[in-house]
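> First, the structure itself, so that you have it in front of you.
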Amino acid sequence: MPREATIREVGLRDGLQSIARVLPTAQKMAWIRAAHAAGQREIEVGSFVPARLLPQLADTAELVTFAKTLPGLFVSVLVPNLKGAERAIDSGADLMIVPLSASHAHSLANLRRTPDEVVQEVARIRAARDAAGSNMILEGGVGTAFGCTLQGEVEEGEVLRLMQALLDAGADRVSLADTVGYADPARVQRLFSKARALAGDRLWCGHFHDTRGLGLANVYAALQTGVTRFDACLAGIGGCPHAPGASGNVSTEDLAYMLRSMGIATGVDIAQLLALRQQVAGWLDGETLHGTLWKAGLPKTLTCVQPRGERVLS
Ligand SMILES: [Zn+2]
């Protein structure tokens with residue numbers, strides 16, 4: 001087991017994009033500031049998609065500018081295409097993640113492109129980044145890596161082929177996402193082991209949805225293969241448009257608690273995270289939230305604060 005791990009907060013992107021209401025920019029900034037104060041050092045603040053498609057994330061550029069004022073905060077954004085990537089490069093974010101769907105059917109439905117066309121777009125994004133003289137990290141995120149609601153089965157070999165193609169096209173990092181919550185720990189261990197053999201340390205992150213309650217078990221399985229970075233959403237917000245009522249990502253506070261219990265340092269103060277959860281829950285009053293730790297709080301045997309020094313950005 002690793003001694004340290006990083007939780008990348010994606011609630012402001014993956015979470016908020018699936019909630020109809022638009023959270024005011026000032027509240028998002030307060031969220032980012034409090035997450036940073038609680039020790040979170042990687043936050044995906046939004047997505048450079050057209051505002052008419054996702055009005056919830058229309059203030060992404062402003063949030064990047066704000067987030068970059070917080071010391072030591074590594075700021076990432078999602079970009080669906082070259083146009084979004086150009087805006088991301090201008091924004092000054094540290095990392096852009098380009099989603100690719102390993103499921104052909106899901107890719108056509110969501111991105112209106114085949115997976116291989118997305119790979120070609122990643123090559124164009126890499127060229128644009130290099131031409132701009134930017135040193136922003138380019139991550140290719142392979143989604144629906146464990147199956148999808150439209151196509152059903154997604155072959156492991158296809159996931160690995162696309163991952164290699166992303167690296168060949170110029171992605172600096174790759175990650176694997178269980179977009180619809182079809183993964184189980186045994187499959188996670190198998191696929192992440194193979195992906196790590198292929199990509200080494202360039203396999204950057206695991207993204208698990210808790211749709212069917214296996215989110216943390218899947219994180220545990222991925223940890224065993226040496227992956228040390230995981231996406232999570234505060235209060236487990238988010239969901240799946242094809243599965244009404246489905247829960248979203250692994251919840252940040254539950255993941256922080258699991259890692260803390262296991263002695264894996266994340267640098268996150270869980271008490272502060274729980275306070276932030278309560279604040280965000282107030283802003284999202286009426287929305288369905290998830291997560292478990294907030295109901296019972298921390299056990300008496302555990303302190304909520306971990307010394308910063310223990311934490312290493314890998
Ligand atoms: Zn997701």
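If you're wondering about the labels, chains in the structure tokens are A, B, ... by order shown, residues count from 1 in each chain, ligands from 1 in order shown.
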I'd like the contact shell of Leu138 (chain A) - 12 Å cut-off, only C-alpha atoms, skipping same-chain residues fewer than 4 positions apart - returned as a PDB file with N, CA and C atoms, in the first residue's frame.

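To be explicit, this is the file written out as result-v1.pdb:
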ATOM      1  N   SER A  76      -7.062  22.019 -12.333  1.00  0.00           N
ATOM      2  CA  SER A  76      -7.332  21.335 -13.600  1.00  0.00           C
ATOM      3  C   SER A  76      -8.709  21.699 -14.134  1.00  0.00           C
ATOM      4  N   VAL A  77      -8.849  21.522 -15.434  1.00  0.00           N
ATOM      5  CA  VAL A  77     -10.117  21.780 -16.125  1.00  0.00           C
ATOM      6  C   VAL A  77     -10.348  20.658 -17.122  1.00  0.00           C
ATOM      7  N   LEU A  78     -11.605  20.457 -17.442  1.00  0.00           N
ATOM      8  CA  LEU A  78     -11.934  19.489 -18.481  1.00  0.00           C
ATOM      9  C   LEU A  78     -12.122  20.232 -19.797  1.00  0.00           C
ATOM     10  N   VAL A  79     -11.646  19.628 -20.877  1.00  0.00           N
ATOM     11  CA  VAL A  79     -11.869  20.221 -22.203  1.00  0.00           C
ATOM     12  C   VAL A  79     -12.378  19.132 -23.144  1.00  0.00           C
ATOM     13  N   ALA A  85      -9.735  23.460 -25.450  1.00  0.00           N
ATOM     14  CA  ALA A  85      -8.327  23.401 -25.044  1.00  0.00           C
ATOM     15  C   ALA A  85      -7.655  24.755 -25.227  1.00  0.00           C
ATOM     16  N   ALA A  88      -8.569  26.741 -22.389  1.00  0.00           N
ATOM     17  CA  ALA A  88      -7.875  26.236 -21.193  1.00  0.00           C
ATOM     18  C   ALA A  88      -6.423  26.726 -21.158  1.00  0.00           C
ATOM     19  N   ILE A  89      -5.768  26.690 -22.315  1.00  0.00           N
ATOM     20  CA  ILE A  89      -4.371  27.143 -22.378  1.00  0.00           C
ATOM     21  C   ILE A  89      -4.302  28.622 -22.008  1.00  0.00           C
ATOM     22  N   ALA A  93      -4.597  27.365 -16.353  1.00  0.00           N
ATOM     23  CA  ALA A  93      -4.749  26.171 -15.508  1.00  0.00           C
ATOM     24  C   ALA A  93      -3.501  25.288 -15.635  1.00  0.00           C
ATOM     25  N   ASP A  94      -3.324  24.392 -14.677  1.00  0.00           N
ATOM     26  CA  ASP A  94      -2.137  23.535 -14.667  1.00  0.00           C
ATOM     27  C   ASP A  94      -2.310  22.277 -15.494  1.00  0.00           C
ATOM     28  N   LEU A  95      -3.530  21.817 -15.610  1.00  0.00           N
ATOM     29  CA  LEU A  95      -3.778  20.550 -16.303  1.00  0.00           C
ATOM     30  C   LEU A  95      -5.116  20.613 -17.023  1.00  0.00           C
ATOM     31  N   MET A  96      -5.148  20.032 -18.206  1.00  0.00           N
ATOM     32  CA  MET A  96      -6.449  19.865 -18.878  1.00  0.00           C
ATOM     33  C   MET A  96      -6.666  18.382 -19.131  1.00  0.00           C
ATOM     34  N   ILE A  97      -7.877  17.963 -18.868  1.00  0.00           N
ATOM     35  CA  ILE A  97      -8.213  16.564 -19.090  1.00  0.00           C
ATOM     36  C   ILE A  97      -9.205  16.471 -20.251  1.00  0.00           C
ATOM     37  N   VAL A  98      -8.865  15.631 -21.210  1.00  0.00           N
ATOM     38  CA  VAL A  98      -9.730  15.415 -22.360  1.00  0.00           C
ATOM     39  C   VAL A  98     -10.412  14.060 -22.177  1.00  0.00           C
ATOM     40  N   PRO A  99     -11.733  14.046 -22.080  1.00  0.00           N
ATOM     41  CA  PRO A  99     -12.406  12.765 -21.885  1.00  0.00           C
ATOM     42  C   PRO A  99     -12.549  12.007 -23.202  1.00  0.00           C
ATOM     43  N   VAL A 122      -6.909  14.857 -29.629  1.00  0.00           N
ATOM     44  CA  VAL A 122      -5.867  15.002 -28.596  1.00  0.00           C
ATOM     45  C   VAL A 122      -4.532  15.357 -29.244  1.00  0.00           C
ATOM     46  N   ALA A 123      -4.246  14.774 -30.396  1.00  0.00           N
ATOM     47  CA  ALA A 123      -3.006  15.116 -31.112  1.00  0.00           C
ATOM     48  C   ALA A 123      -3.022  16.595 -31.510  1.00  0.00           C
ATOM     49  N   ARG A 124      -4.179  17.084 -31.957  1.00  0.00           N
ATOM     50  CA  ARG A 124      -4.279  18.511 -32.330  1.00  0.00           C
ATOM     51  C   ARG A 124      -4.135  19.409 -31.088  1.00  0.00           C
ATOM     52  N   ILE A 125      -4.698  18.949 -29.969  1.00  0.00           N
ATOM     53  CA  ILE A 125      -4.596  19.718 -28.718  1.00  0.00           C
ATOM     54  C   ILE A 125      -3.134  19.780 -28.265  1.00  0.00           C
ATOM     55  N   ARG A 126      -2.448  18.640 -28.382  1.00  0.00           N
ATOM     56  CA  ARG A 126      -1.028  18.616 -28.007  1.00  0.00           C
ATOM     57  C   ARG A 126      -0.228  19.601 -28.863  1.00  0.00           C
ATOM     58  N   ALA A 127      -0.529  19.611 -30.164  1.00  0.00           N
ATOM     59  CA  ALA A 127       0.189  20.518 -31.069  1.00  0.00           C
ATOM     60  C   ALA A 127      -0.103  21.974 -30.704  1.00  0.00           C
ATOM     61  N   ALA A 128      -1.365  22.265 -30.370  1.00  0.00           N
ATOM     62  CA  ALA A 128      -1.736  23.642 -30.006  1.00  0.00           C
ATOM     63  C   ALA A 128      -1.045  24.061 -28.717  1.00  0.00           C
ATOM     64  N   ARG A 129      -1.002  23.141 -27.763  1.00  0.00           N
ATOM     65  CA  ARG A 129      -0.334  23.454 -26.498  1.00  0.00           C
ATOM     66  C   ARG A 129       1.146  23.753 -26.732  1.00  0.00           C
ATOM     67  N   ASP A 130       1.799  22.890 -27.499  1.00  0.00           N
ATOM     68  CA  ASP A 130       3.224  23.088 -27.752  1.00  0.00           C
ATOM     69  C   ASP A 130       3.466  24.395 -28.511  1.00  0.00           C
ATOM     70  N   SER A 134       3.080  26.485 -23.918  1.00  0.00           N
ATOM     71  CA  SER A 134       2.503  26.215 -22.601  1.00  0.00           C
ATOM     72  C   SER A 134       3.073  24.908 -22.052  1.00  0.00           C
ATOM     73  N   LEU A 166      -3.782   7.304 -26.887  1.00  0.00           N
ATOM     74  CA  LEU A 166      -3.743   8.644 -26.284  1.00  0.00           C
ATOM     75  C   LEU A 166      -2.303   9.050 -25.963  1.00  0.00           C
ATOM     76  N   LEU A 167      -1.545   8.119 -25.413  1.00  0.00           N
ATOM     77  CA  LEU A 167      -0.138   8.410 -25.099  1.00  0.00           C
ATOM     78  C   LEU A 167       0.636   8.682 -26.390  1.00  0.00           C
ATOM     79  N   ALA A 169      -0.534   9.863 -29.050  1.00  0.00           N
ATOM     80  CA  ALA A 169      -0.992  11.130 -29.635  1.00  0.00           C
ATOM     81  C   ALA A 169      -0.454  12.340 -28.877  1.00  0.00           C
ATOM     82  N   GLY A 170       0.220  12.090 -27.742  1.00  0.00           N
ATOM     83  CA  GLY A 170       0.849  13.196 -27.022  1.00  0.00           C
ATOM     84  C   GLY A 170       0.285  13.508 -25.662  1.00  0.00           C
ATOM     85  N   ALA A 171      -0.606  12.663 -25.152  1.00  0.00           N
ATOM     86  CA  ALA A 171      -1.083  12.872 -23.782  1.00  0.00           C
ATOM     87  C   ALA A 171       0.069  12.614 -22.814  1.00  0.00           C
ATOM     88  N   ASP A 172       0.227  13.502 -21.828  1.00  0.00           N
ATOM     89  CA  ASP A 172       1.283  13.319 -20.821  1.00  0.00           C
ATOM     90  C   ASP A 172       0.867  12.295 -19.777  1.00  0.00           C
ATOM     91  N   ARG A 173      -0.437  12.235 -19.547  1.00  0.00           N
ATOM     92  CA  ARG A 173      -0.982  11.352 -18.515  1.00  0.00           C
ATOM     93  C   ARG A 173      -2.248  10.708 -19.051  1.00  0.00           C
ATOM     94  N   VAL A 174      -2.580   9.577 -18.454  1.00  0.00           N
ATOM     95  CA  VAL A 174      -3.864   8.950 -18.773  1.00  0.00           C
ATOM     96  C   VAL A 174      -4.535   8.542 -17.465  1.00  0.00           C
ATOM     97  N   SER A 175      -5.843   8.426 -17.523  1.00  0.00           N
ATOM     98  CA  SER A 175      -6.564   7.965 -16.342  1.00  0.00           C
ATOM     99  C   SER A 175      -7.715   7.075 -16.788  1.00  0.00           C
ATOM    100  N   ARG A 202       2.613   7.259 -15.800  1.00  0.00           N
ATOM    101  CA  ARG A 202       1.737   8.150 -16.575  1.00  0.00           C
ATOM    102  C   ARG A 202       0.264   7.774 -16.370  1.00  0.00           C
ATOM    103  N   TRP A 204      -2.381   8.166 -14.190  1.00  0.00           N
ATOM    104  CA  TRP A 204      -2.357   9.304 -13.275  1.00  0.00           C
ATOM    105  C   TRP A 204      -3.457   9.259 -12.232  1.00  0.00           C
TER     106      TRP A 204
END
> Run DSSP on the backbone and grab whatever in region 94-164 of chain A lands in alpha helix (DSSP H); send it over as a PyMOL selection string.
chain A and resi 104-111+115-131+156-164
> Tell me which protein, DNA and RNA residues are within 10 Å of Gln189 (chain A), counting only C-alpha atoms, leaving out same-chain ones fewer than 2 positions away, and put them as a list in words.
Asp184, Pro185, Ala186, Arg187, Leu191, Phe192, Ser193, Lys194, Ala195, Asn218, Val219, Tyr220, Ala221, Ala222, Leu223, Gln224 and Thr225 of chain A
> Report, in Å to a single decimal, how far apart CA of Thr179 (chain A) and CA of Asn81 (chain A) are.
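We find that CA of Asn81 (chain A) and CA of Thr179 (chain A) lie 18.8 Å from each other.
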> Please return as a PyMOL selection string the residues found within 10 Å of ligand 1, counting only C-alpha atoms and all ligand atoms.
chain A and resi 10-11+13-15+17-18+99+143-144+177-181+207-210+231-233+238-240+248-250
> Keeping only N, CA and C atoms, write the selected residues as a PDB file, in the first residue's frame.

ATOM      1  N   VAL A  10     -13.414  16.893  -7.783  1.00  0.00           N
ATOM      2  CA  VAL A  10     -14.062  17.153  -9.070  1.00  0.00           C
ATOM      3  C   VAL A  10     -15.533  17.546  -8.892  1.00  0.00           C
ATOM      4  N   GLY A  11     -15.901  17.857  -7.656  1.00  0.00           N
ATOM      5  CA  GLY A  11     -17.290  18.225  -7.387  1.00  0.00           C
ATOM      6  C   GLY A  11     -17.759  19.450  -8.158  1.00  0.00           C
ATOM      7  N   ARG A  13     -16.953  20.259 -11.034  1.00  0.00           N
ATOM      8  CA  ARG A  13     -17.142  19.956 -12.454  1.00  0.00           C
ATOM      9  C   ARG A  13     -18.099  18.761 -12.612  1.00  0.00           C
ATOM     10  N   ASP A  14     -17.639  17.588 -12.255  1.00  0.00           N
ATOM     11  CA  ASP A  14     -18.463  16.384 -12.454  1.00  0.00           C
ATOM     12  C   ASP A  14     -19.740  16.456 -11.634  1.00  0.00           C
ATOM     13  N   GLY A  15     -19.618  17.017 -10.439  1.00  0.00           N
ATOM     14  CA  GLY A  15     -20.784  17.130  -9.569  1.00  0.00           C
ATOM     15  C   GLY A  15     -21.767  18.165 -10.077  1.00  0.00           C
ATOM     16  N   GLN A  17     -22.065  19.727 -12.845  1.00  0.00           N
ATOM     17  CA  GLN A  17     -22.598  19.657 -14.211  1.00  0.00           C
ATOM     18  C   GLN A  17     -23.858  18.787 -14.286  1.00  0.00           C
ATOM     19  N   SER A  18     -24.052  17.937 -13.300  1.00  0.00           N
ATOM     20  CA  SER A  18     -25.250  17.101 -13.357  1.00  0.00           C
ATOM     21  C   SER A  18     -26.353  17.590 -12.426  1.00  0.00           C
ATOM     22  N   PRO A  99     -11.733  14.046 -22.080  1.00  0.00           N
ATOM     23  CA  PRO A  99     -12.406  12.765 -21.885  1.00  0.00           C
ATOM     24  C   PRO A  99     -12.549  12.007 -23.202  1.00  0.00           C
ATOM     25  N   GLY A 143     -12.944   7.068 -20.284  1.00  0.00           N
ATOM     26  CA  GLY A 143     -14.184   6.834 -19.562  1.00  0.00           C
ATOM     27  C   GLY A 143     -14.900   5.578 -20.044  1.00  0.00           C
ATOM     28  N   THR A 144     -15.964   5.242 -19.374  1.00  0.00           N
ATOM     29  CA  THR A 144     -16.729   4.000 -19.607  1.00  0.00           C
ATOM     30  C   THR A 144     -15.774   2.811 -19.768  1.00  0.00           C
ATOM     31  N   ALA A 177     -11.725   5.836 -15.961  1.00  0.00           N
ATOM     32  CA  ALA A 177     -12.947   6.223 -15.262  1.00  0.00           C
ATOM     33  C   ALA A 177     -14.035   5.174 -15.428  1.00  0.00           C
ATOM     34  N   ASP A 178     -14.683   4.888 -14.296  1.00  0.00           N
ATOM     35  CA  ASP A 178     -15.887   4.056 -14.319  1.00  0.00           C
ATOM     36  C   ASP A 178     -17.076   5.009 -14.323  1.00  0.00           C
ATOM     37  N   THR A 179     -17.365   5.524 -15.494  1.00  0.00           N
ATOM     38  CA  THR A 179     -18.320   6.615 -15.655  1.00  0.00           C
ATOM     39  C   THR A 179     -19.721   6.291 -15.133  1.00  0.00           C
ATOM     40  N   VAL A 180     -20.143   5.037 -15.276  1.00  0.00           N
ATOM     41  CA  VAL A 180     -21.532   4.703 -14.939  1.00  0.00           C
ATOM     42  C   VAL A 180     -21.660   3.729 -13.765  1.00  0.00           C
ATOM     43  N   GLY A 181     -20.525   3.455 -13.102  1.00  0.00           N
ATOM     44  CA  GLY A 181     -20.607   2.601 -11.916  1.00  0.00           C
ATOM     45  C   GLY A 181     -20.831   1.121 -12.219  1.00  0.00           C
ATOM     46  N   HIS A 207     -10.987   7.208 -11.436  1.00  0.00           N
ATOM     47  CA  HIS A 207     -12.225   7.996 -11.288  1.00  0.00           C
ATOM     48  C   HIS A 207     -13.384   7.014 -11.144  1.00  0.00           C
ATOM     49  N   PHE A 208     -13.915   6.932  -9.946  1.00  0.00           N
ATOM     50  CA  PHE A 208     -14.961   5.935  -9.684  1.00  0.00           C
ATOM     51  C   PHE A 208     -16.265   6.588  -9.252  1.00  0.00           C
ATOM     52  N   HIS A 209     -17.314   6.149  -9.871  1.00  0.00           N
ATOM     53  CA  HIS A 209     -18.646   6.573  -9.429  1.00  0.00           C
ATOM     54  C   HIS A 209     -19.186   5.519  -8.473  1.00  0.00           C
ATOM     55  N   ASP A 210     -19.969   5.987  -7.516  1.00  0.00           N
ATOM     56  CA  ASP A 210     -20.471   5.088  -6.480  1.00  0.00           C
ATOM     57  C   ASP A 210     -21.899   4.637  -6.802  1.00  0.00           C
ATOM     58  N   ASP A 231     -10.151  10.791  -8.157  1.00  0.00           N
ATOM     59  CA  ASP A 231     -11.147  11.852  -8.237  1.00  0.00           C
ATOM     60  C   ASP A 231     -12.236  11.583  -7.202  1.00  0.00           C
ATOM     61  N   ALA A 232     -12.805  12.658  -6.673  1.00  0.00           N
ATOM     62  CA  ALA A 232     -13.911  12.513  -5.727  1.00  0.00           C
ATOM     63  C   ALA A 232     -14.721  13.800  -5.710  1.00  0.00           C
ATOM     64  N   CYS A 233     -15.981  13.683  -5.336  1.00  0.00           N
ATOM     65  CA  CYS A 233     -16.863  14.845  -5.232  1.00  0.00           C
ATOM     66  C   CYS A 233     -17.306  15.026  -3.788  1.00  0.00           C
ATOM     67  N   GLY A 238     -23.394  14.639  -8.037  1.00  0.00           N
ATOM     68  CA  GLY A 238     -23.284  14.192  -9.423  1.00  0.00           C
ATOM     69  C   GLY A 238     -24.189  13.004  -9.614  1.00  0.00           C
ATOM     70  N   GLY A 239     -24.128  12.429 -10.772  1.00  0.00           N
ATOM     71  CA  GLY A 239     -24.995  11.299 -11.030  1.00  0.00           C
ATOM     72  C   GLY A 239     -24.818  10.830 -12.447  1.00  0.00           C
ATOM     73  N   CYS A 240     -25.829  10.251 -12.981  1.00  0.00           N
ATOM     74  CA  CYS A 240     -25.731   9.705 -14.320  1.00  0.00           C
ATOM     75  C   CYS A 240     -27.058   9.971 -15.019  1.00  0.00           C
ATOM     76  N   GLY A 248     -23.398   9.904  -7.365  1.00  0.00           N
ATOM     77  CA  GLY A 248     -22.306  10.410  -8.186  1.00  0.00           C
ATOM     78  C   GLY A 248     -20.972   9.766  -7.870  1.00  0.00           C
ATOM     79  N   ASN A 249     -19.937  10.590  -7.874  1.00  0.00           N
ATOM     80  CA  ASN A 249     -18.592  10.096  -7.607  1.00  0.00           C
ATOM     81  C   ASN A 249     -18.469   9.629  -6.160  1.00  0.00           C
ATOM     82  N   VAL A 250     -17.413   8.899  -5.920  1.00  0.00           N
ATOM     83  CA  VAL A 250     -16.993   8.616  -4.554  1.00  0.00           C
ATOM     84  C   VAL A 250     -16.992   9.933  -3.785  1.00  0.00           C
TER      85      VAL A 250
END
> Which is closest to Ala20 (chain A) among A:Ile237, A:Ala67, A:Leu259, A:Ile32, if we use only C-alpha atoms?
A:Ile237
> With distances taken over only C-alpha atoms, which of A:Ala256, A:Ala281, A:Met29, A:Met1 is nearest to Lys68 (chain A)?
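So, comparing all the options, the nearest one is A:Met29.
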> Please identify which residues in region 146-204 of chain A DSSP calls strand (DSSP E) from the backbone, and express them as JSON, numbers by chain.
{"A": [173, 174, 175, 176, 177, 178, 203, 204]}
> Emit the selected residues as a PDB file, in the first residue's frame, including N, CA and C atoms.

ATOM      1  N   ARG A 173      -0.437  12.235 -19.547  1.00  0.00           N
ATOM      2  CA  ARG A 173      -0.982  11.352 -18.515  1.00  0.00           C
ATOM      3  C   ARG A 173      -2.248  10.708 -19.051  1.00  0.00           C
ATOM      4  N   VAL A 174      -2.580   9.577 -18.454  1.00  0.00           N
ATOM      5  CA  VAL A 174      -3.864   8.950 -18.773  1.00  0.00           C
ATOM      6  C   VAL A 174      -4.535   8.542 -17.465  1.00  0.00           C
ATOM      7  N   SER A 175      -5.843   8.426 -17.523  1.00  0.00           N
ATOM      8  CA  SER A 175      -6.564   7.965 -16.342  1.00  0.00           C
ATOM      9  C   SER A 175      -7.715   7.075 -16.788  1.00  0.00           C
ATOM     10  N   LEU A 176      -8.263   6.351 -15.843  1.00  0.00           N
ATOM     11  CA  LEU A 176      -9.370   5.436 -16.143  1.00  0.00           C
ATOM     12  C   LEU A 176     -10.578   5.812 -15.317  1.00  0.00           C
ATOM     13  N   ALA A 177     -11.725   5.836 -15.961  1.00  0.00           N
ATOM     14  CA  ALA A 177     -12.947   6.223 -15.262  1.00  0.00           C
ATOM     15  C   ALA A 177     -14.035   5.174 -15.428  1.00  0.00           C
ATOM     16  N   ASP A 178     -14.683   4.888 -14.296  1.00  0.00           N
ATOM     17  CA  ASP A 178     -15.887   4.056 -14.319  1.00  0.00           C
ATOM     18  C   ASP A 178     -17.076   5.009 -14.323  1.00  0.00           C
ATOM     19  N   LEU A 203       0.014   6.618 -15.770  1.00  0.00           N
ATOM     20  CA  LEU A 203      -1.360   6.308 -15.335  1.00  0.00           C
ATOM     21  C   LEU A 203      -1.594   7.136 -14.070  1.00  0.00           C
ATOM     22  N   TRP A 204      -2.381   8.166 -14.190  1.00  0.00           N
ATOM     23  CA  TRP A 204      -2.357   9.304 -13.275  1.00  0.00           C
ATOM     24  C   TRP A 204      -3.457   9.259 -12.232  1.00  0.00           C
TER      25      TRP A 204
END
> Compile the contact shell of Phe66 (chain A) as a PDB file with C-alpha atoms, in the first residue's frame: residues with an atom at most 12 Å away, counting only C-alpha atoms, same-chain residues fewer than 5 positions apart removed.

ATOM      1  CA  THR A  25     -19.487  32.084  -8.796  1.00  0.00           C
ATOM      2  CA  ALA A  26     -18.980  33.582  -5.329  1.00  0.00           C
ATOM      3  CA  LYS A  28     -17.885  28.260  -5.957  1.00  0.00           C
ATOM      4  CA  MET A  29     -14.963  30.484  -4.966  1.00  0.00           C
ATOM      5  CA  ALA A  30     -15.837  30.038  -1.299  1.00  0.00           C
ATOM      6  CA  TRP A  31     -15.914  26.267  -1.899  1.00  0.00           C
ATOM      7  CA  ILE A  32     -12.495  26.312  -3.590  1.00  0.00           C
ATOM      8  CA  ARG A  33     -11.029  28.507  -0.843  1.00  0.00           C
ATOM      9  CA  HIS A  36      -7.773  24.558  -0.147  1.00  0.00           C
ATOM     10  CA  ILE A  43      -9.168  20.779  -7.789  1.00  0.00           C
ATOM     11  CA  VAL A  45     -12.743  23.791 -11.188  1.00  0.00           C
ATOM     12  CA  ASP A  59     -17.603  30.742 -15.111  1.00  0.00           C
ATOM     13  CA  THR A  60     -14.707  28.274 -15.470  1.00  0.00           C
ATOM     14  CA  ALA A  61     -12.127  30.834 -16.683  1.00  0.00           C
ATOM     15  CA  PRO A  71      -0.714  28.885  -2.852  1.00  0.00           C
ATOM     16  CA  LEU A  73      -3.113  24.648  -5.616  1.00  0.00           C
ATOM     17  CA  PHE A  74      -2.909  22.521  -8.755  1.00  0.00           C
ATOM     18  CA  VAL A  75      -5.818  23.548 -10.944  1.00  0.00           C
ATOM     19  CA  SER A  91      -6.783  30.367 -18.700  1.00  0.00           C
ATOM     20  CA  GLY A  92      -3.505  29.435 -17.030  1.00  0.00           C
ATOM     21  CA  ALA A  93      -4.749  26.171 -15.508  1.00  0.00           C
TER      22      ALA A  93
END
> When you draw a straight line from CA of Arg196 (chain A) to CA of Ile264 (chain A), how long is it in Å?
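Rounded to one decimal, the two atoms are 20.3 Å apart.
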> Ala275 (chain A): which residues within 12 Å, counting only C-alpha atoms, same-chain residues fewer than 4 positions away excluded, as a PyMOL selection string?
chain A and resi 31+34-35+37-38+234-235+253+269-271+279-282+293-294+297
> If we count only C-alpha atoms, what is near Val159 (chain A) at a cut-off of 9 Å, once residues fewer than 2 positions away on the same chain are taken out, given as a PDB file with C-alpha atoms, in the first residue's frame?

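Output file around_29.pdb is given in full below:
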ATOM      1  CA  SER A 101     -15.182   7.204 -24.062  1.00  0.00           C
ATOM      2  CA  ALA A 102     -13.958   3.677 -24.658  1.00  0.00           C
ATOM      3  CA  SER A 103     -17.526   2.716 -25.484  1.00  0.00           C
ATOM      4  CA  VAL A 142     -10.561   6.991 -20.665  1.00  0.00           C
ATOM      5  CA  GLY A 143     -14.184   6.834 -19.562  1.00  0.00           C
ATOM      6  CA  THR A 144     -16.729   4.000 -19.607  1.00  0.00           C
ATOM      7  CA  ALA A 145     -13.672   1.788 -19.075  1.00  0.00           C
ATOM      8  CA  PHE A 146     -15.758  -0.873 -17.348  1.00  0.00           C
ATOM      9  CA  VAL A 154     -16.521  -2.619 -23.133  1.00  0.00           C
ATOM     10  CA  GLU A 155     -13.578  -4.876 -23.926  1.00  0.00           C
ATOM     11  CA  GLU A 156     -10.472  -4.532 -21.769  1.00  0.00           C
ATOM     12  CA  GLY A 157      -8.301  -4.774 -24.872  1.00  0.00           C
ATOM     13  CA  ARG A 161      -5.581   0.143 -27.042  1.00  0.00           C
ATOM     14  CA  LEU A 162      -7.169   3.587 -26.646  1.00  0.00           C
ATOM     15  CA  MET A 163      -4.992   4.382 -23.649  1.00  0.00           C
ATOM     16  CA  GLN A 164      -1.879   3.607 -25.678  1.00  0.00           C
ATOM     17  CA  LEU A 176      -9.370   5.436 -16.143  1.00  0.00           C
ATOM     18  CA  LEU A 191      -7.563  -3.467 -15.663  1.00  0.00           C
ATOM     19  CA  ALA A 195      -2.903  -0.197 -17.571  1.00  0.00           C
TER      20      ALA A 195
END
> Using only C-alpha atoms, which residue out of A:Val268, A:Leu289, A:Leu100, A:Ala58 lies closest to Gly236 (chain A)?
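Answer, going by the shortest atom-to-atom distance: A:Leu289.
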> Between CA of Ile7 (chain A) and CA of Gly215 (chain A), what is the distance, to one decimal in Å?
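About the pair CA of Ile7 (chain A) and CA of Gly215 (chain A): they are 13.7 Å apart.
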> If we count only C-alpha atoms, what is near Thr228 (chain A) at a cut-off of 8 Å, once residues fewer than 3 positions away on the same chain are taken out, given as number ranges by chain?
A: 2, 4-6, 204-205, 223
